[in-house]
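**Student:** Please see the structure below; I have some questions.
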Amino acid sequence: MRWLTGKMANFDSNGTFAEYFSTTMETITQGLCEYGGDIEEPWKLILKITTQNVFTNLASIAEFLGINHFMSTIQFFLRFLEVPATSDENITVIDTAFSSVPVRIYMHKRKPQTLRRGLFYIHGGGWCLGSAALSLYDLLARKTADRLDAVVVSTDYGLAPKYHFPRQFEDVYNALRWFLQEDVLERYGVDPRRVGVAGDSAGGNLAAAVTQQLIQDPDVKTKLKVQALIYPALQILDINLPSYQEGSYFPILTTSLLARFWSEYFTTDRTLEKAMLLNQHVPLESIHLFQFVNWSSLLPERYKKGHVYKSPTPGSSELSRRYPGFLDVKACPLLANDNTLSHLPLTYIITCQYDVLRDDGLMYVTRLQNVGVHVTHHHIEDGFHGAFTLNGFKIAHKMQNQYLSWLMKNL
């Protein structure tokens with residue numbers, strides 16, 4: 001008990017206890033002044049943010065006390081929101097594994113007249129959190145299977161801090177390659193000409209990355225017809241994009257939390273996170289990569305909002321030697337060259353105005369359009385990160401309907 005009291009006293013003396021354990025109402029109020037007039041159901045969102053803060057504050061304290069890693073504590077809480085693979089009157093749901101990767105499959109019970117669409121979905125959670133079993137993803141998959149009469153494969157993958165890049169990418173890629181085998185598609189009654197991949201946030205990152213990899217894989221005969229990316233994370237070279245600068249008071253995902261997620265994707269060493277927040281993590285020898293993420297030329301004018309582009313300050317080569325993943329196109333799909341991008345399938349991208357990842361998606365839209373890829377871009381003016389899966393919010397209903405309507409027409 002004396003050890004705990006001492007720890008907490010030291011925590012509070014540094015001013016951090018108040019920071020982590022406060023209700024953060026000041027931040028919420030300031031954010032509401034910034035975006036509350038535009039966002040529908042703002043007080044409902046504030047309740048959501050307040051609840052989230054309770055659990056993140058507890059996880060922060062547990063980490064400070066050496067009890068558990070921050071992400072592991074959050075994932076522990078999320079386990080209570082998981083649901084079993086339960087079939088209903090319309091949809092058959094089964095848990096299985098593709099190439100040793102756990103997946104959950106959703107299929108309509110009615111007998112199909114033709115082969116069905118196939119959609120491979122990748123959940124979000126910053127490469128650290130979540131699962132296909134979370135109720136919010138279970139509901140989305142059921143709705144997708146029902147509305148599209150599709151076979152939906154919702155995949156899991158190894159999570160940080162236990163696993164780091166490239167494990168997440170490899171798990172998703174191996175599961176997707178397994179699904180795309182001719183005999184597997186035949187087993188589930190999927191039309192090989194109508195298969196797509198989709199994902200939100202970190203899942204959008206993985207969806208973009210595996211789609212790029214597939215077009216370069218000669219062993220995969222079945223090609224994707226579409227990719228759907230919901231507010232994807234696509235780069236971490238430059239954390240000084242306008243949406244990142246504005247993101248301190250954005251709901252659900254702030255710039256500092258995003259940097260923590262990105263850093264955890266590669267290592268538990270917090271040195272990388274600190275360098276990212278200073279925008280000093282890319283070494284001089286890799287400075288040429290900024291051509292692919294130069295927001296001054298890739299962002300439409302309306303999103304620059306008076307922000308002035310500053311060339312990032314090169315950092316030490318030590319971080320990139322120890323954790324080269326943050327310079328890898330498999331982790332940062334926005335770094336792909338134009339030739340790779342030009343071969344991508346029909347693409348659907350959702351971006352949200354009040355989302356720190358807004359500009360990642362906007363730049364990807366520009367780059368894909370510049371090389372002739374057919375892109376449908378829906379920008380949600382009153383949207384924010386996480387809105388797509390906030391079941392019970394009007395905005396989630398609207399976004400999901402747009403997404404499903406696009407898939408119905410194009411997949």
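Chain labels run A, B, ... following the order of the structure tokens; each chain numbers its residues from 1, and ligands are numbered from 1 in the order shown.
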Compile a residue-level contact table for region 206-301 of chain A against region 126-129 of chain A at a cut-off of 12 Å, reporting for every qualifying residue the shortest atom pair and its distance in Å to one decimal, with only C-alpha atoms counted, rows ordered by chain and ascending number, as a tab-separated table.
**Tutor:**
```
residue	atom	partner	partner_atom	distance
A:Leu206	CA	A:Trp127	CA	9.1
A:Pro232	CA	A:Gly126	CA	10.4
A:Ala233	CA	A:Gly126	CA	8.8
A:Leu234	CA	A:Gly126	CA	11.8
A:Leu253	CA	A:Gly126	CA	10.1
A:Leu257	CA	A:Gly126	CA	9.4
A:Leu258	CA	A:Gly126	CA	7.7
A:Ala259	CA	A:Gly126	CA	9.8
A:Arg260	CA	A:Gly126	CA	8.9
A:Phe261	CA	A:Gly126	CA	5.2
A:Trp262	CA	A:Gly126	CA	7.1
A:Ser263	CA	A:Gly126	CA	9.8
A:Glu264	CA	A:Cys128	CA	7.4
A:Tyr265	CA	A:Trp127	CA	6.0
A:Phe266	CA	A:Trp127	CA	9.7
A:Thr267	CA	A:Cys128	CA	11.3
A:Thr268	CA	A:Cys128	CA	11.3
```
**Student:** Could you dump the residues just selected with all heavy atoms as a tab-separated table (two decimals), in the first residue's frame?
**Tutor:**
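Contents of out-v4.tsv, freshly written:
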```
chain	number	residue	atom	x	y	z
A	206	LEU	N	-4.74	-1.32	-43.65
A	206	LEU	CA	-4.40	-2.68	-44.04
A	206	LEU	C	-5.08	-3.06	-45.35
A	206	LEU	O	-4.50	-3.76	-46.19
A	206	LEU	CB	-4.78	-3.65	-42.93
A	206	LEU	CG	-3.93	-3.52	-41.65
A	206	LEU	CD1	-4.60	-4.23	-40.48
A	206	LEU	CD2	-2.53	-4.07	-41.87
A	232	PRO	N	-9.10	5.98	-43.75
A	232	PRO	CA	-7.88	5.18	-43.57
A	232	PRO	C	-6.69	5.98	-43.06
A	232	PRO	O	-6.54	7.17	-43.37
A	232	PRO	CB	-7.61	4.67	-45.00
A	232	PRO	CG	-8.13	5.77	-45.88
A	232	PRO	CD	-9.37	6.27	-45.18
A	233	ALA	N	-5.83	5.33	-42.29
A	233	ALA	CA	-4.52	5.88	-41.92
A	233	ALA	C	-3.54	5.42	-42.99
A	233	ALA	O	-3.39	4.22	-43.21
A	233	ALA	CB	-4.09	5.35	-40.55
A	234	LEU	N	-2.87	6.36	-43.65
A	234	LEU	CA	-2.09	5.99	-44.83
A	234	LEU	C	-0.63	6.41	-44.79
A	234	LEU	O	0.15	6.00	-45.64
A	234	LEU	CB	-2.75	6.58	-46.09
A	234	LEU	CG	-4.17	6.06	-46.37
A	234	LEU	CD1	-4.82	6.89	-47.47
A	234	LEU	CD2	-4.13	4.59	-46.76
A	253	LEU	N	-10.43	10.47	-31.76
A	253	LEU	CA	-9.01	10.24	-32.07
A	253	LEU	C	-8.30	11.58	-32.18
A	253	LEU	O	-8.55	12.36	-33.10
A	253	LEU	CB	-8.87	9.46	-33.38
A	253	LEU	CG	-7.45	9.13	-33.83
A	253	LEU	CD1	-6.79	8.14	-32.86
A	253	LEU	CD2	-7.43	8.55	-35.24
A	257	LEU	N	-2.94	10.71	-29.62
A	257	LEU	CA	-3.33	9.30	-29.54
A	257	LEU	C	-2.98	8.58	-30.84
A	257	LEU	O	-2.52	7.43	-30.81
A	257	LEU	CB	-4.83	9.18	-29.26
A	257	LEU	CG	-5.39	7.75	-29.12
A	257	LEU	CD1	-4.63	6.98	-28.03
A	257	LEU	CD2	-6.88	7.78	-28.83
A	258	LEU	N	-3.15	9.25	-31.97
A	258	LEU	CA	-2.78	8.65	-33.25
A	258	LEU	C	-1.30	8.33	-33.29
A	258	LEU	O	-0.89	7.24	-33.74
A	258	LEU	CB	-3.15	9.57	-34.40
A	258	LEU	CG	-2.73	9.09	-35.79
A	258	LEU	CD1	-3.48	7.81	-36.17
A	258	LEU	CD2	-2.95	10.18	-36.83
A	259	ALA	N	-0.46	9.25	-32.80
A	259	ALA	CA	0.99	9.00	-32.77
A	259	ALA	C	1.31	7.80	-31.90
A	259	ALA	O	2.20	7.00	-32.22
A	259	ALA	CB	1.72	10.25	-32.26
A	260	ARG	N	0.58	7.64	-30.80
A	260	ARG	CA	0.80	6.48	-29.94
A	260	ARG	C	0.45	5.18	-30.67
A	260	ARG	O	1.19	4.19	-30.61
A	260	ARG	CB	-0.05	6.61	-28.66
A	260	ARG	CG	0.05	5.41	-27.70
A	260	ARG	CD	1.39	5.40	-26.98
A	260	ARG	NE	1.63	4.17	-26.24
A	260	ARG	CZ	1.38	3.99	-24.93
A	260	ARG	NH1	0.85	4.96	-24.22
A	260	ARG	NH2	1.69	2.86	-24.35
A	261	PHE	N	-0.68	5.19	-31.38
A	261	PHE	CA	-1.06	4.01	-32.16
A	261	PHE	C	-0.01	3.66	-33.21
A	261	PHE	O	0.41	2.50	-33.33
A	261	PHE	CB	-2.41	4.24	-32.86
A	261	PHE	CG	-3.61	3.99	-31.99
A	261	PHE	CD1	-4.61	4.95	-31.89
A	261	PHE	CD2	-3.77	2.81	-31.28
A	261	PHE	CE1	-5.75	4.74	-31.11
A	261	PHE	CE2	-4.89	2.58	-30.50
A	261	PHE	CZ	-5.87	3.56	-30.41
A	262	TRP	N	0.40	4.67	-33.98
A	262	TRP	CA	1.41	4.42	-35.01
A	262	TRP	C	2.70	3.87	-34.40
A	262	TRP	O	3.28	2.91	-34.91
A	262	TRP	CB	1.72	5.71	-35.77
A	262	TRP	CG	0.91	5.96	-37.00
A	262	TRP	CD1	0.00	6.96	-37.21
A	262	TRP	CD2	0.96	5.23	-38.24
A	262	TRP	NE1	-0.52	6.88	-38.48
A	262	TRP	CE2	0.05	5.83	-39.13
A	262	TRP	CE3	1.69	4.11	-38.68
A	262	TRP	CZ2	-0.15	5.36	-40.44
A	262	TRP	CZ3	1.48	3.64	-39.97
A	262	TRP	CH2	0.58	4.28	-40.83
A	263	SER	N	3.15	4.48	-33.33
A	263	SER	CA	4.38	4.04	-32.69
A	263	SER	C	4.27	2.60	-32.19
A	263	SER	O	5.18	1.79	-32.38
A	263	SER	CB	4.72	4.98	-31.53
A	263	SER	OG	5.89	4.56	-30.85
A	264	GLU	N	3.14	2.28	-31.58
A	264	GLU	CA	2.93	0.91	-31.07
A	264	GLU	C	2.90	-0.11	-32.20
A	264	GLU	O	3.23	-1.28	-31.99
A	264	GLU	CB	1.63	0.83	-30.27
A	264	GLU	CG	1.63	1.61	-28.97
A	264	GLU	CD	2.51	0.98	-27.90
A	264	GLU	OE1	2.91	-0.20	-28.03
A	264	GLU	OE2	2.81	1.69	-26.92
A	265	TYR	N	2.49	0.32	-33.39
A	265	TYR	CA	2.48	-0.59	-34.54
A	265	TYR	C	3.88	-1.14	-34.79
A	265	TYR	O	4.03	-2.29	-35.22
A	265	TYR	CB	1.96	0.18	-35.75
A	265	TYR	CG	1.66	-0.65	-36.99
A	265	TYR	CD1	1.43	-2.02	-36.95
A	265	TYR	CD2	1.56	-0.02	-38.23
A	265	TYR	CE1	1.13	-2.74	-38.09
A	265	TYR	CE2	1.26	-0.74	-39.39
A	265	TYR	CZ	1.04	-2.09	-39.31
A	265	TYR	OH	0.75	-2.81	-40.45
A	266	PHE	N	4.89	-0.35	-34.48
A	266	PHE	CA	6.28	-0.75	-34.78
A	266	PHE	C	7.09	-1.16	-33.55
A	266	PHE	O	7.99	-1.99	-33.66
A	266	PHE	CB	7.00	0.41	-35.49
A	266	PHE	CG	6.26	0.92	-36.69
A	266	PHE	CD1	5.69	2.19	-36.69
A	266	PHE	CD2	6.10	0.13	-37.81
A	266	PHE	CE1	4.99	2.66	-37.79
A	266	PHE	CE2	5.39	0.58	-38.91
A	266	PHE	CZ	4.84	1.85	-38.91
A	267	THR	N	6.77	-0.59	-32.39
A	267	THR	CA	7.59	-0.87	-31.21
A	267	THR	C	6.91	-0.36	-29.95
A	267	THR	O	6.06	0.53	-30.00
A	267	THR	CB	8.96	-0.16	-31.33
A	267	THR	OG1	9.71	-0.37	-30.13
A	267	THR	CG2	8.81	1.33	-31.55
A	268	THR	N	7.28	-0.92	-28.80
A	268	THR	CA	6.84	-0.38	-27.52
A	268	THR	C	7.78	0.72	-27.02
A	268	THR	O	7.55	1.31	-25.97
A	268	THR	CB	6.76	-1.49	-26.46
A	268	THR	OG1	8.00	-2.19	-26.41
A	268	THR	CG2	5.65	-2.47	-26.78
```
**Student:** Tell me, counting only C-alpha atoms, for each residue of region 308-344 of chain A within 7 Å of region 275-281 of chain A, which pair of atoms is nearest and how far apart they are in Å to one decimal, in rows ordered by chain and increasing number, as a Markdown table.
**Tutor:**
```
| residue | atom | partner | partner_atom | distance |
| --- | --- | --- | --- | --- |
| A:Pro312 | CA | A:Asn279 | CA | 6.3 |
| A:Thr313 | CA | A:Gln280 | CA | 5.5 |
| A:Pro314 | CA | A:Gln280 | CA | 5.6 |
| A:Gly315 | CA | A:Gln280 | CA | 4.6 |
| A:Ser316 | CA | A:His281 | CA | 6.8 |
| A:Leu319 | CA | A:His281 | CA | 6.9 |
```
**Student:** Take the residues from that selection and put them in a file with N, CA and C atoms, as an mmCIF file, in the first residue's frame.
**Tutor:**
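This went into result-v6.cif:
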```cif
data_model
loop_
_atom_site.group_PDB
_atom_site.id
_atom_site.type_symbol
_atom_site.label_atom_id
_atom_site.label_comp_id
_atom_site.auth_asym_id
_atom_site.auth_seq_id
_atom_site.Cartn_x
_atom_site.Cartn_y
_atom_site.Cartn_z
ATOM 1 N N PRO A 312 9.658 19.052 -43.262
ATOM 2 C CA PRO A 312 10.011 18.420 -41.986
ATOM 3 C C PRO A 312 11.515 18.432 -41.734
ATOM 4 N N THR A 313 11.866 18.511 -40.462
ATOM 5 C CA THR A 313 13.268 18.471 -40.066
ATOM 6 C C THR A 313 13.746 17.022 -40.018
ATOM 7 N N PRO A 314 14.803 16.691 -40.751
ATOM 8 C CA PRO A 314 15.297 15.299 -40.720
ATOM 9 C C PRO A 314 15.687 14.883 -39.306
ATOM 10 N N GLY A 315 15.444 13.625 -39.005
ATOM 11 C CA GLY A 315 15.786 13.090 -37.700
ATOM 12 C C GLY A 315 16.986 12.172 -37.777
ATOM 13 N N SER A 316 17.259 11.528 -36.662
ATOM 14 C CA SER A 316 18.376 10.597 -36.594
ATOM 15 C C SER A 316 18.084 9.342 -37.411
ATOM 16 N N LEU A 319 16.534 5.677 -35.466
ATOM 17 C CA LEU A 319 15.165 5.183 -35.350
ATOM 18 C C LEU A 319 14.757 4.367 -36.575
#
```
**Student:** Could you pull out the strand (DSSP E) residues of region 31-208 of chain A from DSSP and send them as a count of residues only?
**Tutor:** 40
**Student:** List the spatial neighbours of Thr144 (chain A) as an MDAnalysis selection string - criterion: any atom at most 10 Å away, only C-alpha atoms, same-chain residues fewer than 3 positions off excluded.
**Tutor:** chainID A and resid 106:108 119 138:141 147:152 400:401 403:404 407:408
**Student:** Between A:Leu241, A:Ala85, A:Leu357, A:Leu180, single out the one closest to Asp200 (chain A), counting only C-alpha atoms.
**Tutor:** A:Leu357
**Student:** Which one of A:Leu237, A:Pro251, A:Leu327, A:Ile61 sits closest to Trp43 (chain A) if you count only C-alpha atoms?
**Tutor:**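 Comparing A:Leu237, A:Pro251, A:Leu327, A:Ile61 against Trp43 (chain A), the winner is A:Pro251.
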**Student:** Which one is closest to Thr340 (chain A): A:Thr211, A:Gln75, A:Asn205, A:Ser99? Count only C-alpha atoms.
**Tutor:** A:Thr211
**Student:** Can you list, as a count of residues only, every residue of region 155-316 of chain A that DSSP puts in alpha helix (DSSP H)?
**Tutor:** 61
**Student:** Mind pulling up the distance from CA of Arg117 (chain A) to CA of Gly189 (chain A)?
**Tutor:**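 So the two atoms, CA of Gly189 (chain A) and CA of Arg117 (chain A), lie 8.6 Å apart.
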**Student:** In terms of the shortest atom-to-atom distance over only C-alpha atoms, which of A:Ala209, A:Ile395, A:Leu58, A:Leu335 is closest to Ile74 (chain A)?
**Tutor:**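 Distance minimum relative to Ile74 (chain A) lands on A:Leu58.
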**Student:** Ranking A:His69, A:Arg79, A:Lys221, A:His164 by minimum distance to Leu134 (chain A) and counting only C-alpha atoms, which one comes first?
**Tutor:**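 Among the listed residues, A:Arg79 lies closest to Leu134 (chain A).
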**Student:** Using only C-alpha atoms, which residues sit within 9 Å of region 286-299 of chain A once same-chain residues fewer than 3 positions away are excluded, as a PyMOL selection string?
**Tutor:** chain A and resi 235+237-238+241-242+282-283+302-304+308-309+311-312+314+327+334-337+359-360+362-367
**Student:** May I have the residues within 10 Å of Ala207 (chain A) as an mmCIF file with N, CA, C and O atoms, in the first residue's frame, using only C-alpha atoms and disregarding those fewer than 6 positions away in the same chain?
**Tutor:**
```
data_model
loop_
_atom_site.group_PDB
_atom_site.id
_atom_site.type_symbol
_atom_site.label_atom_id
_atom_site.label_comp_id
_atom_site.auth_asym_id
_atom_site.auth_seq_id
_atom_site.Cartn_x
_atom_site.Cartn_y
_atom_site.Cartn_z
ATOM 1 N N PHE A 120 -14.233 -8.945 -48.015
ATOM 2 C CA PHE A 120 -13.257 -9.240 -46.968
ATOM 3 C C PHE A 120 -13.090 -7.966 -46.148
ATOM 4 O O PHE A 120 -12.585 -6.955 -46.649
ATOM 5 N N TYR A 121 -13.533 -7.993 -44.877
ATOM 6 C CA TYR A 121 -13.523 -6.772 -44.059
ATOM 7 C C TYR A 121 -12.453 -6.840 -42.967
ATOM 8 O O TYR A 121 -12.286 -7.875 -42.308
ATOM 9 N N ILE A 122 -11.786 -5.690 -42.754
ATOM 10 C CA ILE A 122 -10.682 -5.589 -41.785
ATOM 11 C C ILE A 122 -11.037 -4.525 -40.745
ATOM 12 O O ILE A 122 -11.217 -3.349 -41.087
ATOM 13 N N HIS A 123 -11.140 -4.920 -39.496
ATOM 14 C CA HIS A 123 -11.539 -3.981 -38.440
ATOM 15 C C HIS A 123 -10.444 -2.971 -38.119
ATOM 16 O O HIS A 123 -9.251 -3.197 -38.350
ATOM 17 N N PHE A 169 -0.001 -6.866 -41.042
ATOM 18 C CA PHE A 169 -0.107 -6.929 -42.499
ATOM 19 C C PHE A 169 -0.074 -8.374 -42.982
ATOM 20 O O PHE A 169 -0.888 -8.781 -43.821
ATOM 21 N N VAL A 172 -3.348 -10.391 -42.270
ATOM 22 C CA VAL A 172 -4.439 -9.998 -43.162
ATOM 23 C C VAL A 172 -4.174 -10.482 -44.581
ATOM 24 O O VAL A 172 -5.072 -11.019 -45.251
ATOM 25 N N TYR A 173 -2.944 -10.323 -45.038
ATOM 26 C CA TYR A 173 -2.623 -10.720 -46.409
ATOM 27 C C TYR A 173 -2.759 -12.235 -46.593
ATOM 28 O O TYR A 173 -3.327 -12.699 -47.594
ATOM 29 N N LEU A 176 -6.457 -13.156 -46.638
ATOM 30 C CA LEU A 176 -7.093 -12.743 -47.890
ATOM 31 C C LEU A 176 -6.681 -13.645 -49.048
ATOM 32 O O LEU A 176 -7.521 -14.044 -49.868
ATOM 33 N N GLY A 196 -14.305 -8.010 -53.090
ATOM 34 C CA GLY A 196 -13.729 -6.729 -52.689
ATOM 35 C C GLY A 196 -13.147 -6.791 -51.294
ATOM 36 O O GLY A 196 -13.357 -7.758 -50.546
ATOM 37 N N VAL A 197 -12.417 -5.743 -50.939
ATOM 38 C CA VAL A 197 -11.832 -5.627 -49.609
ATOM 39 C C VAL A 197 -12.231 -4.274 -49.040
ATOM 40 O O VAL A 197 -12.373 -3.290 -49.777
ATOM 41 N N ALA A 198 -12.449 -4.229 -47.722
ATOM 42 C CA ALA A 198 -12.848 -2.986 -47.069
ATOM 43 C C ALA A 198 -12.289 -2.961 -45.659
ATOM 44 O O ALA A 198 -11.967 -4.004 -45.075
ATOM 45 N N GLY A 199 -12.194 -1.760 -45.101
ATOM 46 C CA GLY A 199 -11.728 -1.619 -43.731
ATOM 47 C C GLY A 199 -11.837 -0.187 -43.267
ATOM 48 O O GLY A 199 -11.908 0.740 -44.085
ATOM 49 N N ASP A 200 -11.878 0.007 -41.952
ATOM 50 C CA ASP A 200 -11.969 1.348 -41.384
ATOM 51 C C ASP A 200 -10.740 1.652 -40.533
ATOM 52 O O ASP A 200 -10.217 0.780 -39.838
ATOM 53 N N SER A 201 -10.256 2.890 -40.633
ATOM 54 C CA SER A 201 -9.139 3.382 -39.826
ATOM 55 C C SER A 201 -7.881 2.541 -40.064
ATOM 56 O O SER A 201 -7.400 2.460 -41.196
ATOM 57 N N GLN A 213 -0.419 -4.887 -52.565
ATOM 58 C CA GLN A 213 0.433 -6.071 -52.626
ATOM 59 C C GLN A 213 -0.141 -7.122 -53.578
ATOM 60 O O GLN A 213 0.603 -7.784 -54.307
ATOM 61 N N GLN A 227 -12.006 -1.753 -53.733
ATOM 62 C CA GLN A 227 -11.529 -1.542 -52.367
ATOM 63 C C GLN A 227 -12.321 -0.380 -51.784
ATOM 64 O O GLN A 227 -12.584 0.603 -52.463
ATOM 65 N N ALA A 228 -12.727 -0.518 -50.521
ATOM 66 C CA ALA A 228 -13.473 0.529 -49.827
ATOM 67 C C ALA A 228 -12.717 0.888 -48.551
ATOM 68 O O ALA A 228 -12.511 0.031 -47.689
ATOM 69 N N LEU A 229 -12.310 2.140 -48.451
ATOM 70 C CA LEU A 229 -11.465 2.596 -47.350
ATOM 71 C C LEU A 229 -12.204 3.666 -46.553
ATOM 72 O O LEU A 229 -12.518 4.742 -47.084
ATOM 73 N N ILE A 230 -12.487 3.369 -45.307
ATOM 74 C CA ILE A 230 -13.212 4.305 -44.446
ATOM 75 C C ILE A 230 -12.210 4.992 -43.528
ATOM 76 O O ILE A 230 -11.541 4.343 -42.736
ATOM 77 N N PRO A 232 -9.100 5.983 -43.754
ATOM 78 C CA PRO A 232 -7.883 5.176 -43.572
ATOM 79 C C PRO A 232 -6.689 5.982 -43.061
ATOM 80 O O PRO A 232 -6.540 7.175 -43.366
ATOM 81 N N PRO A 333 0.702 3.038 -47.136
ATOM 82 C CA PRO A 333 0.346 2.859 -48.548
ATOM 83 C C PRO A 333 0.446 4.122 -49.394
ATOM 84 O O PRO A 333 0.544 4.034 -50.617
#
```
**Student:** With only C-alpha atoms as the basis for distance, which of A:Glu186, A:Asp156, A:Asp95, A:Glu318 is at the shortest distance from Gly124 (chain A)?
**Tutor:**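 Distance minimum relative to Gly124 (chain A) lands on A:Asp156.
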